[in-house]
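K.L.:
Sharing a structure below in structure tokens format, with a few things to ask.
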Amino acid sequence: MEKGFLVTFEGGEGCGKSTQIRLFSDYLRSKKVDFVLTKEPGETEIGEQLREILLNSKSDISPITELFLMTADRSNHVEKVLKPALESGKVVVSDRYYHSCYVYQGTAGNIPLDKIKKVTEIAIDGVKPDLVILLDVSYDEGFGRKSRDEKLKNLDRFESKGRSYHEKVRQGYLDLAKEDKAFVVIDAADTVERVHQKIVDAFEKAYKKAEK
Ligand code: TYD
């Protein structure tokens with residue numbers, strides 16, 4: 001393999017992404033795969049500050065400013081984390097990447113996709129995921145989980161946007177998945193074990209293919 005392998009995890013609120021990323025990391029460790037675990041927004045030092053502004057429910061941010069702040073985080077993430085890890089041949093697991101921006105700022109946030117693609121292109125400089133794991137969850141299931149976990153008290157700026165916004169996020173992801181072969185859509189309402197197994201299967205298939 002010339003370069004590493006980038007797998008991103010995407011999905012709406014309460015889709016179980018954190019649990020599944022933890023299980024997937026355990027799996028990679030058990031297989032002695034050299035991997036890096038990262039996230040957006042907020043992996044780098046500057047990113048942490050941007051994340052604080054972006055998620056703070058007190059921030060009054062215009063939609064285009066939100067797009068630029070997310071993209072600024074992304075650009076630093078690509079240069080400081082993704083590129084070095086991929087160039088040294090590692091597997092990189094990212095909790096969200098630019099497809100989040102396409103659906104949160106685009107489909108749900110109403111910024112035309114062609115505008116988002118222009119700034120994204122500058123930020124990612126050709127670094128695209130080899131595999132996108134989309135954990136698909138309905139609004140009721142996702143927020144139902146959050147309320148079971150009692151996480152509904154301090155909702156961040158995105159979590160508090162309401163049903164219609166989050167339903168658009170979900171549909172936006174499903175539309176992207178139809179057009180992009182890197183996507184694997186997994187029903188996140190299934191059991192934790194079965195979802196994990198499907199993720200491992202998807203990874204093994206895509207990773208083998210990339211090795212050829
Ligand atoms: P986080 O706490 O990491 O949420 P989650 O556990 O749902 O991943 O917060 C990230 C939030 O930022 C999440 O609500 C999605 C949003 N987001 C965007 O709106 N655009 C983006 O480009 C990215 C990367 C994230």
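Letters A, B, ... go to the chains of the structure tokens in the order shown; residues in each chain start at 1; ligands are counted from 1 in the same order.
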I need the residues of stretch 11-200 of chain A that end up classed as strand (DSSP E or B) by DSSP on the backbone, written out as a list in words.

P.N.:
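Output for stretch 11-200 of chain A, strand (DSSP E or B) only: Gly11, Phe35, Val36, Leu37, Thr38, Lys39, Val91, Val92, Val93, Ser94, Asp95, Leu131, Val132, Ile133, Leu134, Leu135, Asp136, Phe183, Val184, Val185, Ile186 and Asp187 of chain A.
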
K.L.:
Go through chain A residue by residue and, counting only C-alpha atoms and all ligand atoms, keep those with an atom at most 10 Å from ligand 1; for each kept residue give the shortest atom pair and its distance in Å to one decimal, ordered by chain and increasing number, as JSON lines.

P.N.:
```
{"residue": "A:Phe9", "atom": "CA", "partner": "ligand 1", "partner_atom_place_in_ligand_line": "8 (O)", "distance": 8.9}
{"residue": "A:Glu10", "atom": "CA", "partner": "ligand 1", "partner_atom_place_in_ligand_line": "8 (O)", "distance": 7.8}
{"residue": "A:Gly11", "atom": "CA", "partner": "ligand 1", "partner_atom_place_in_ligand_line": "7 (O)", "distance": 7.4}
{"residue": "A:Gly12", "atom": "CA", "partner": "ligand 1", "partner_atom_place_in_ligand_line": "7 (O)", "distance": 6.3}
{"residue": "A:Glu13", "atom": "CA", "partner": "ligand 1", "partner_atom_place_in_ligand_line": "7 (O)", "distance": 4.8}
{"residue": "A:Gly14", "atom": "CA", "partner": "ligand 1", "partner_atom_place_in_ligand_line": "7 (O)", "distance": 6.9}
{"residue": "A:Cys15", "atom": "CA", "partner": "ligand 1", "partner_atom_place_in_ligand_line": "7 (O)", "distance": 8.0}
{"residue": "A:Gly16", "atom": "CA", "partner": "ligand 1", "partner_atom_place_in_ligand_line": "6 (O)", "distance": 8.4}
{"residue": "A:Lys17", "atom": "CA", "partner": "ligand 1", "partner_atom_place_in_ligand_line": "6 (O)", "distance": 6.9}
{"residue": "A:Ser18", "atom": "CA", "partner": "ligand 1", "partner_atom_place_in_ligand_line": "6 (O)", "distance": 6.7}
{"residue": "A:Lys39", "atom": "CA", "partner": "ligand 1", "partner_atom_place_in_ligand_line": "3 (O)", "distance": 7.4}
{"residue": "A:Glu40", "atom": "CA", "partner": "ligand 1", "partner_atom_place_in_ligand_line": "24 (C)", "distance": 4.5}
{"residue": "A:Pro41", "atom": "CA", "partner": "ligand 1", "partner_atom_place_in_ligand_line": "24 (C)", "distance": 4.9}
{"residue": "A:Gly42", "atom": "CA", "partner": "ligand 1", "partner_atom_place_in_ligand_line": "3 (O)", "distance": 8.1}
{"residue": "A:Arg51", "atom": "CA", "partner": "ligand 1", "partner_atom_place_in_ligand_line": "10 (C)", "distance": 7.9}
{"residue": "A:Glu52", "atom": "CA", "partner": "ligand 1", "partner_atom_place_in_ligand_line": "9 (O)", "distance": 9.9}
{"residue": "A:Leu54", "atom": "CA", "partner": "ligand 1", "partner_atom_place_in_ligand_line": "12 (O)", "distance": 7.4}
{"residue": "A:Leu55", "atom": "CA", "partner": "ligand 1", "partner_atom_place_in_ligand_line": "11 (C)", "distance": 6.7}
{"residue": "A:Glu66", "atom": "CA", "partner": "ligand 1", "partner_atom_place_in_ligand_line": "19 (O)", "distance": 8.1}
{"residue": "A:Leu67", "atom": "CA", "partner": "ligand 1", "partner_atom_place_in_ligand_line": "22 (O)", "distance": 7.5}
{"residue": "A:Phe68", "atom": "CA", "partner": "ligand 1", "partner_atom_place_in_ligand_line": "22 (O)", "distance": 9.6}
{"residue": "A:Leu69", "atom": "CA", "partner": "ligand 1", "partner_atom_place_in_ligand_line": "22 (O)", "distance": 8.9}
{"residue": "A:Met70", "atom": "CA", "partner": "ligand 1", "partner_atom_place_in_ligand_line": "22 (O)", "distance": 5.3}
{"residue": "A:Thr71", "atom": "CA", "partner": "ligand 1", "partner_atom_place_in_ligand_line": "22 (O)", "distance": 7.0}
{"residue": "A:Ala72", "atom": "CA", "partner": "ligand 1", "partner_atom_place_in_ligand_line": "22 (O)", "distance": 10.0}
{"residue": "A:Asp73", "atom": "CA", "partner": "ligand 1", "partner_atom_place_in_ligand_line": "24 (C)", "distance": 8.4}
{"residue": "A:Arg74", "atom": "CA", "partner": "ligand 1", "partner_atom_place_in_ligand_line": "24 (C)", "distance": 7.6}
{"residue": "A:Ser94", "atom": "CA", "partner": "ligand 1", "partner_atom_place_in_ligand_line": "24 (C)", "distance": 9.8}
{"residue": "A:Asp95", "atom": "CA", "partner": "ligand 1", "partner_atom_place_in_ligand_line": "8 (O)", "distance": 6.6}
{"residue": "A:Arg96", "atom": "CA", "partner": "ligand 1", "partner_atom_place_in_ligand_line": "24 (C)", "distance": 5.2}
{"residue": "A:Tyr97", "atom": "CA", "partner": "ligand 1", "partner_atom_place_in_ligand_line": "24 (C)", "distance": 5.1}
{"residue": "A:Tyr98", "atom": "CA", "partner": "ligand 1", "partner_atom_place_in_ligand_line": "22 (O)", "distance": 5.4}
{"residue": "A:His99", "atom": "CA", "partner": "ligand 1", "partner_atom_place_in_ligand_line": "22 (O)", "distance": 6.9}
{"residue": "A:Ser100", "atom": "CA", "partner": "ligand 1", "partner_atom_place_in_ligand_line": "21 (C)", "distance": 4.5}
{"residue": "A:Cys101", "atom": "CA", "partner": "ligand 1", "partner_atom_place_in_ligand_line": "22 (O)", "distance": 3.4}
{"residue": "A:Tyr102", "atom": "CA", "partner": "ligand 1", "partner_atom_place_in_ligand_line": "22 (O)", "distance": 7.1}
{"residue": "A:Val103", "atom": "CA", "partner": "ligand 1", "partner_atom_place_in_ligand_line": "20 (N)", "distance": 7.6}
{"residue": "A:Tyr104", "atom": "CA", "partner": "ligand 1", "partner_atom_place_in_ligand_line": "19 (O)", "distance": 4.5}
{"residue": "A:Gln105", "atom": "CA", "partner": "ligand 1", "partner_atom_place_in_ligand_line": "19 (O)", "distance": 5.8}
{"residue": "A:Gly106", "atom": "CA", "partner": "ligand 1", "partner_atom_place_in_ligand_line": "20 (N)", "distance": 9.0}
{"residue": "A:Ala108", "atom": "CA", "partner": "ligand 1", "partner_atom_place_in_ligand_line": "19 (O)", "distance": 9.2}
{"residue": "A:Gly109", "atom": "CA", "partner": "ligand 1", "partner_atom_place_in_ligand_line": "19 (O)", "distance": 8.6}
{"residue": "A:Ile116", "atom": "CA", "partner": "ligand 1", "partner_atom_place_in_ligand_line": "22 (O)", "distance": 10.0}
{"residue": "A:Thr120", "atom": "CA", "partner": "ligand 1", "partner_atom_place_in_ligand_line": "22 (O)", "distance": 9.6}
{"residue": "A:Leu155", "atom": "CA", "partner": "ligand 1", "partner_atom_place_in_ligand_line": "2 (O)", "distance": 9.5}
{"residue": "A:Asp156", "atom": "CA", "partner": "ligand 1", "partner_atom_place_in_ligand_line": "14 (O)", "distance": 7.5}
{"residue": "A:Arg157", "atom": "CA", "partner": "ligand 1", "partner_atom_place_in_ligand_line": "14 (O)", "distance": 7.5}
{"residue": "A:Phe158", "atom": "CA", "partner": "ligand 1", "partner_atom_place_in_ligand_line": "14 (O)", "distance": 4.6}
{"residue": "A:Glu159", "atom": "CA", "partner": "ligand 1", "partner_atom_place_in_ligand_line": "14 (O)", "distance": 5.8}
{"residue": "A:Ser160", "atom": "CA", "partner": "ligand 1", "partner_atom_place_in_ligand_line": "14 (O)", "distance": 9.1}
{"residue": "A:Lys161", "atom": "CA", "partner": "ligand 1", "partner_atom_place_in_ligand_line": "14 (O)", "distance": 9.4}
{"residue": "A:His166", "atom": "CA", "partner": "ligand 1", "partner_atom_place_in_ligand_line": "14 (O)", "distance": 9.6}
{"residue": "A:Val169", "atom": "CA", "partner": "ligand 1", "partner_atom_place_in_ligand_line": "19 (O)", "distance": 9.4}
```

K.L.:
Could you dump the residues just selected with C-alpha atoms as a PDB file, in the first residue's frame?

P.N.:
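Now in result-v9.pdb:
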```
ATOM      1  CA  PHE A   9     -17.370   7.521  11.138  1.00  0.00           C
ATOM      2  CA  GLU A  10     -20.445   9.617  10.422  1.00  0.00           C
ATOM      3  CA  GLY A  11     -23.963   9.783  11.782  1.00  0.00           C
ATOM      4  CA  GLY A  12     -26.552  11.867  13.567  1.00  0.00           C
ATOM      5  CA  GLU A  13     -26.906  12.513  17.281  1.00  0.00           C
ATOM      6  CA  GLY A  14     -27.274   9.389  19.423  1.00  0.00           C
ATOM      7  CA  CYS A  15     -26.215   6.982  16.668  1.00  0.00           C
ATOM      8  CA  GLY A  16     -23.755   5.212  18.991  1.00  0.00           C
ATOM      9  CA  LYS A  17     -20.660   6.507  17.203  1.00  0.00           C
ATOM     10  CA  SER A  18     -18.526   6.832  20.341  1.00  0.00           C
ATOM     11  CA  LYS A  39     -11.837  13.584  15.475  1.00  0.00           C
ATOM     12  CA  GLU A  40     -13.483  16.725  14.096  1.00  0.00           C
ATOM     13  CA  PRO A  41     -13.957  19.319  15.263  1.00  0.00           C
ATOM     14  CA  GLY A  42     -11.229  19.804  17.850  1.00  0.00           C
ATOM     15  CA  ARG A  51     -14.648  23.555  18.889  1.00  0.00           C
ATOM     16  CA  GLU A  52     -15.380  25.562  22.024  1.00  0.00           C
ATOM     17  CA  LEU A  54     -18.676  26.126  17.556  1.00  0.00           C
ATOM     18  CA  LEU A  55     -20.393  23.966  20.167  1.00  0.00           C
ATOM     19  CA  GLU A  66     -19.853  28.381  10.999  1.00  0.00           C
ATOM     20  CA  LEU A  67     -18.785  26.855   7.693  1.00  0.00           C
ATOM     21  CA  PHE A  68     -15.462  28.705   7.767  1.00  0.00           C
ATOM     22  CA  LEU A  69     -14.739  27.789  11.386  1.00  0.00           C
ATOM     23  CA  MET A  70     -15.474  24.105  10.725  1.00  0.00           C
ATOM     24  CA  THR A  71     -13.325  24.304   7.609  1.00  0.00           C
ATOM     25  CA  ALA A  72     -10.489  26.047   9.467  1.00  0.00           C
ATOM     26  CA  ASP A  73     -10.509  23.216  11.995  1.00  0.00           C
ATOM     27  CA  ARG A  74     -10.526  20.731   9.125  1.00  0.00           C
ATOM     28  CA  SER A  94     -11.667   9.818  12.279  1.00  0.00           C
ATOM     29  CA  ASP A  95     -14.780  10.592  14.282  1.00  0.00           C
ATOM     30  CA  ARG A  96     -16.406  12.832  11.610  1.00  0.00           C
ATOM     31  CA  TYR A  97     -14.832  14.522   8.593  1.00  0.00           C
ATOM     32  CA  TYR A  98     -16.075  16.724   5.747  1.00  0.00           C
ATOM     33  CA  HIS A  99     -19.259  14.718   5.099  1.00  0.00           C
ATOM     34  CA  SER A 100     -20.501  16.095   8.446  1.00  0.00           C
ATOM     35  CA  CYS A 101     -20.099  19.555   6.968  1.00  0.00           C
ATOM     36  CA  TYR A 102     -21.979  18.603   3.789  1.00  0.00           C
ATOM     37  CA  VAL A 103     -25.018  17.579   5.831  1.00  0.00           C
ATOM     38  CA  TYR A 104     -24.934  19.778   8.974  1.00  0.00           C
ATOM     39  CA  GLN A 105     -23.982  23.060   7.274  1.00  0.00           C
ATOM     40  CA  GLY A 106     -25.306  22.006   3.846  1.00  0.00           C
ATOM     41  CA  ALA A 108     -29.659  20.957   7.223  1.00  0.00           C
ATOM     42  CA  GLY A 109     -27.979  24.376   7.432  1.00  0.00           C
ATOM     43  CA  ILE A 116     -19.247  23.943   0.753  1.00  0.00           C
ATOM     44  CA  THR A 120     -13.690  21.840   1.503  1.00  0.00           C
ATOM     45  CA  LEU A 155     -27.356  20.139  24.796  1.00  0.00           C
ATOM     46  CA  ASP A 156     -24.662  21.782  22.653  1.00  0.00           C
ATOM     47  CA  ARG A 157     -25.409  24.222  19.820  1.00  0.00           C
ATOM     48  CA  PHE A 158     -25.993  21.446  17.285  1.00  0.00           C
ATOM     49  CA  GLU A 159     -27.889  19.033  19.515  1.00  0.00           C
ATOM     50  CA  SER A 160     -30.385  21.757  20.402  1.00  0.00           C
ATOM     51  CA  LYS A 161     -31.386  22.530  16.798  1.00  0.00           C
ATOM     52  CA  HIS A 166     -31.763  16.501  12.502  1.00  0.00           C
ATOM     53  CA  VAL A 169     -29.048  15.664   8.584  1.00  0.00           C
TER      54      VAL A 169
END
```

K.L.:
If we count only C-alpha atoms, what is near A:Leu28 at a cut-off of 12 Å, once residues fewer than 6 positions away on the same chain are taken out, given as a PDB file with N, CA, C and O atoms, in the first residue's frame?

P.N.:
```pdb
ATOM      1  N   ILE A  21     -16.797   3.414  17.876  1.00  0.00           N
ATOM      2  CA  ILE A  21     -15.387   3.760  17.616  1.00  0.00           C
ATOM      3  C   ILE A  21     -14.502   3.108  18.673  1.00  0.00           C
ATOM      4  O   ILE A  21     -13.414   2.602  18.370  1.00  0.00           O
ATOM      5  N   ARG A  22     -14.982   3.074  19.903  1.00  0.00           N
ATOM      6  CA  ARG A  22     -14.208   2.427  20.976  1.00  0.00           C
ATOM      7  C   ARG A  22     -14.052   0.928  20.674  1.00  0.00           C
ATOM      8  O   ARG A  22     -12.952   0.377  20.751  1.00  0.00           O
ATOM      9  N   ASP A  34      -1.438  -0.721  13.151  1.00  0.00           N
ATOM     10  CA  ASP A  34      -0.898   0.569  13.579  1.00  0.00           C
ATOM     11  C   ASP A  34      -1.897   1.658  13.176  1.00  0.00           C
ATOM     12  O   ASP A  34      -2.044   1.958  11.997  1.00  0.00           O
ATOM     13  N   PHE A  35      -2.596   2.202  14.161  1.00  0.00           N
ATOM     14  CA  PHE A  35      -3.643   3.172  13.805  1.00  0.00           C
ATOM     15  C   PHE A  35      -3.605   4.430  14.675  1.00  0.00           C
ATOM     16  O   PHE A  35      -3.035   4.441  15.754  1.00  0.00           O
ATOM     17  N   VAL A  36      -4.252   5.470  14.135  1.00  0.00           N
ATOM     18  CA  VAL A  36      -4.377   6.737  14.848  1.00  0.00           C
ATOM     19  C   VAL A  36      -5.862   7.037  14.960  1.00  0.00           C
ATOM     20  O   VAL A  36      -6.605   6.891  13.992  1.00  0.00           O
ATOM     21  N   LEU A  37      -6.276   7.448  16.150  1.00  0.00           N
ATOM     22  CA  LEU A  37      -7.672   7.795  16.370  1.00  0.00           C
ATOM     23  C   LEU A  37      -7.781   9.318  16.472  1.00  0.00           C
ATOM     24  O   LEU A  37      -7.037   9.937  17.234  1.00  0.00           O
ATOM     25  N   LYS A  90      -0.220   4.655   8.081  1.00  0.00           N
ATOM     26  CA  LYS A  90      -1.096   4.200   9.167  1.00  0.00           C
ATOM     27  C   LYS A  90      -2.557   4.120   8.754  1.00  0.00           C
ATOM     28  O   LYS A  90      -2.984   4.781   7.806  1.00  0.00           O
ATOM     29  N   VAL A  91      -3.301   3.347   9.517  1.00  0.00           N
ATOM     30  CA  VAL A  91      -4.755   3.393   9.417  1.00  0.00           C
ATOM     31  C   VAL A  91      -5.185   4.576  10.291  1.00  0.00           C
ATOM     32  O   VAL A  91      -4.715   4.722  11.413  1.00  0.00           O
ATOM     33  N   VAL A  92      -6.043   5.427   9.749  1.00  0.00           N
ATOM     34  CA  VAL A  92      -6.533   6.566  10.528  1.00  0.00           C
ATOM     35  C   VAL A  92      -8.049   6.433  10.683  1.00  0.00           C
ATOM     36  O   VAL A  92      -8.756   6.198   9.699  1.00  0.00           O
ATOM     37  N   VAL A  93      -8.492   6.536  11.916  1.00  0.00           N
ATOM     38  CA  VAL A  93      -9.919   6.449  12.219  1.00  0.00           C
ATOM     39  C   VAL A  93     -10.372   7.831  12.669  1.00  0.00           C
ATOM     40  O   VAL A  93      -9.916   8.321  13.709  1.00  0.00           O
ATOM     41  N   ILE A 199     -19.312  -3.300  11.052  1.00  0.00           N
ATOM     42  CA  ILE A 199     -18.226  -2.337  10.844  1.00  0.00           C
ATOM     43  C   ILE A 199     -16.919  -3.083  10.535  1.00  0.00           C
ATOM     44  O   ILE A 199     -16.193  -2.736   9.601  1.00  0.00           O
ATOM     45  N   VAL A 200     -16.656  -4.129  11.311  1.00  0.00           N
ATOM     46  CA  VAL A 200     -15.434  -4.917  11.088  1.00  0.00           C
ATOM     47  C   VAL A 200     -15.462  -5.540   9.685  1.00  0.00           C
ATOM     48  O   VAL A 200     -14.467  -5.493   8.954  1.00  0.00           O
ATOM     49  N   PHE A 203     -14.783  -2.887   7.103  1.00  0.00           N
ATOM     50  CA  PHE A 203     -13.381  -2.469   7.136  1.00  0.00           C
ATOM     51  C   PHE A 203     -12.500  -3.524   6.455  1.00  0.00           C
ATOM     52  O   PHE A 203     -11.658  -3.197   5.619  1.00  0.00           O
ATOM     53  N   GLU A 204     -12.696  -4.788   6.826  1.00  0.00           N
ATOM     54  CA  GLU A 204     -11.828  -5.842   6.273  1.00  0.00           C
ATOM     55  C   GLU A 204     -11.942  -5.902   4.755  1.00  0.00           C
ATOM     56  O   GLU A 204     -10.951  -6.045   4.050  1.00  0.00           O
TER      57      GLU A 204
END
```

K.L.:
Any idea what the distance is between atom CA of A:Leu174 and atom CA of A:Ile122?

P.N.:
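Separation between atom CA of A:Leu174 and atom CA of A:Ile122: 24.7 Å.
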
K.L.:
Do a neighbour search on A:Val195 at 12 Å with only C-alpha atoms, toss out local chain neighbours closer than 4 positions, and write the hits as a list in words.

P.N.:
Cys15, Gly16, Lys17, Thr19, Gln20, Ile21, Leu23, Phe24, Ile133, Leu134, Leu135, Asp136, Val137, Val184, Val185, Ile186, Asp187, Ala188, Ala189, Asp190, Thr191, Ile199, Val200, Asp201 and Ala202 of chain A

K.L.:
What's the 6 Å shell around A:Val132, counting only C-alpha atoms, without same-chain residues fewer than 4 positions away, as a VMD selection string?

P.N.:
chain A and resid 7 to 9 182 to 183

K.L.:
Just to be explicit: take each residue in the selection above, keep N, CA, C and O atoms, and write the result as a short mmCIF file (atom, residue, chain, number, x, y, z; two decimals), in the first residue's frame.

P.N.:
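For reference, out-v9.cif as written:
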```
data_model
loop_
_atom_site.label_atom_id
_atom_site.label_comp_id
_atom_site.auth_asym_id
_atom_site.auth_seq_id
_atom_site.Cartn_x
_atom_site.Cartn_y
_atom_site.Cartn_z
N VAL A 7 -10.47 5.76 7.48
CA VAL A 7 -11.87 5.38 7.70
C VAL A 7 -12.53 6.45 8.58
O VAL A 7 -11.98 6.83 9.62
N THR A 8 -13.65 6.96 8.11
CA THR A 8 -14.35 7.98 8.90
C THR A 8 -15.68 7.41 9.40
O THR A 8 -16.29 6.57 8.74
N PHE A 9 -16.08 7.89 10.57
CA PHE A 9 -17.37 7.52 11.14
C PHE A 9 -18.29 8.73 11.07
O PHE A 9 -17.90 9.82 11.49
N ALA A 182 -17.61 4.91 -1.33
CA ALA A 182 -16.84 4.74 -0.09
C ALA A 182 -17.76 4.52 1.12
O ALA A 182 -17.32 4.05 2.17
N PHE A 183 -19.06 4.86 0.96
CA PHE A 183 -20.00 4.76 2.09
C PHE A 183 -20.49 3.33 2.33
O PHE A 183 -20.82 2.62 1.38
#
```

K.L.:
If you run DSSP over the backbone, which residues in stretch 30-155 of chain A end up helix (DSSP H, G or I)? Put them as a CSV table (one decimal) with C-alpha atoms, in the first residue's frame.

P.N.:
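Here's the written file states-v2.csv:
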```csv
chain,number,residue,atom,x,y,z
A,30,SER,CA,-6.3,-6.9,18.9
A,45,GLU,CA,-4.7,22.8,19.6
A,46,ILE,CA,-6.3,25.5,17.4
A,47,GLY,CA,-9.1,23.0,16.7
A,48,GLU,CA,-9.9,22.8,20.5
A,49,GLN,CA,-10.5,26.5,20.6
A,50,LEU,CA,-12.6,26.4,17.5
A,51,ARG,CA,-14.6,23.6,18.9
A,52,GLU,CA,-15.4,25.6,22.0
A,53,ILE,CA,-16.8,28.4,19.9
A,54,LEU,CA,-18.7,26.1,17.6
A,55,LEU,CA,-20.4,24.0,20.2
A,63,PRO,CA,-24.1,30.1,8.8
A,64,ILE,CA,-21.1,31.0,6.6
A,65,THR,CA,-18.9,31.8,9.6
A,66,GLU,CA,-19.9,28.4,11.0
A,67,LEU,CA,-18.8,26.9,7.7
A,68,PHE,CA,-15.5,28.7,7.8
A,69,LEU,CA,-14.7,27.8,11.4
A,70,MET,CA,-15.5,24.1,10.7
A,71,THR,CA,-13.3,24.3,7.6
A,72,ALA,CA,-10.5,26.0,9.5
A,73,ASP,CA,-10.5,23.2,12.0
A,74,ARG,CA,-10.5,20.7,9.1
A,75,SER,CA,-7.6,22.3,7.3
A,76,ASN,CA,-5.4,22.2,10.4
A,77,HIS,CA,-6.5,18.7,11.1
A,78,VAL,CA,-5.6,17.6,7.6
A,79,GLU,CA,-2.2,19.2,7.7
A,80,LYS,CA,-1.1,18.3,11.3
A,81,VAL,CA,-2.8,15.0,11.8
A,82,LEU,CA,-4.2,13.2,8.7
A,83,LYS,CA,-1.5,13.8,6.2
A,84,PRO,CA,1.4,12.8,8.4
A,85,ALA,CA,-0.3,9.7,9.6
A,86,LEU,CA,-1.5,8.6,6.2
A,87,GLU,CA,1.9,9.3,4.6
A,98,TYR,CA,-16.1,16.7,5.7
A,99,HIS,CA,-19.3,14.7,5.1
A,100,SER,CA,-20.5,16.1,8.4
A,101,CYS,CA,-20.1,19.6,7.0
A,102,TYR,CA,-22.0,18.6,3.8
A,103,VAL,CA,-25.0,17.6,5.8
A,104,TYR,CA,-24.9,19.8,9.0
A,105,GLN,CA,-24.0,23.1,7.3
A,106,GLY,CA,-25.3,22.0,3.8
A,107,THR,CA,-28.5,19.9,3.8
A,113,LEU,CA,-23.4,22.2,-1.5
A,114,ASP,CA,-21.3,23.7,-4.3
A,115,LYS,CA,-20.2,26.5,-1.9
A,116,ILE,CA,-19.2,23.9,0.8
A,117,LYS,CA,-17.4,21.8,-1.7
A,118,LYS,CA,-15.3,24.7,-2.9
A,119,VAL,CA,-14.0,25.5,0.6
A,120,THR,CA,-13.7,21.8,1.5
A,121,GLU,CA,-11.5,21.2,-1.5
A,122,ILE,CA,-9.0,23.8,-0.3
A,123,ALA,CA,-9.0,22.4,3.2
A,124,ILE,CA,-8.7,18.7,2.5
A,139,TYR,CA,-34.4,11.2,15.2
A,140,ASP,CA,-36.6,9.4,17.7
A,141,GLU,CA,-34.2,6.6,18.2
A,142,GLY,CA,-31.1,8.9,18.5
A,143,PHE,CA,-32.6,11.4,20.9
A,144,GLY,CA,-34.4,8.5,22.7
A,145,ARG,CA,-31.0,7.1,23.5
A,146,LYS,CA,-29.7,10.5,24.6
A,147,SER,CA,-32.6,10.8,27.0
A,148,ARG,CA,-32.1,7.3,28.4
```
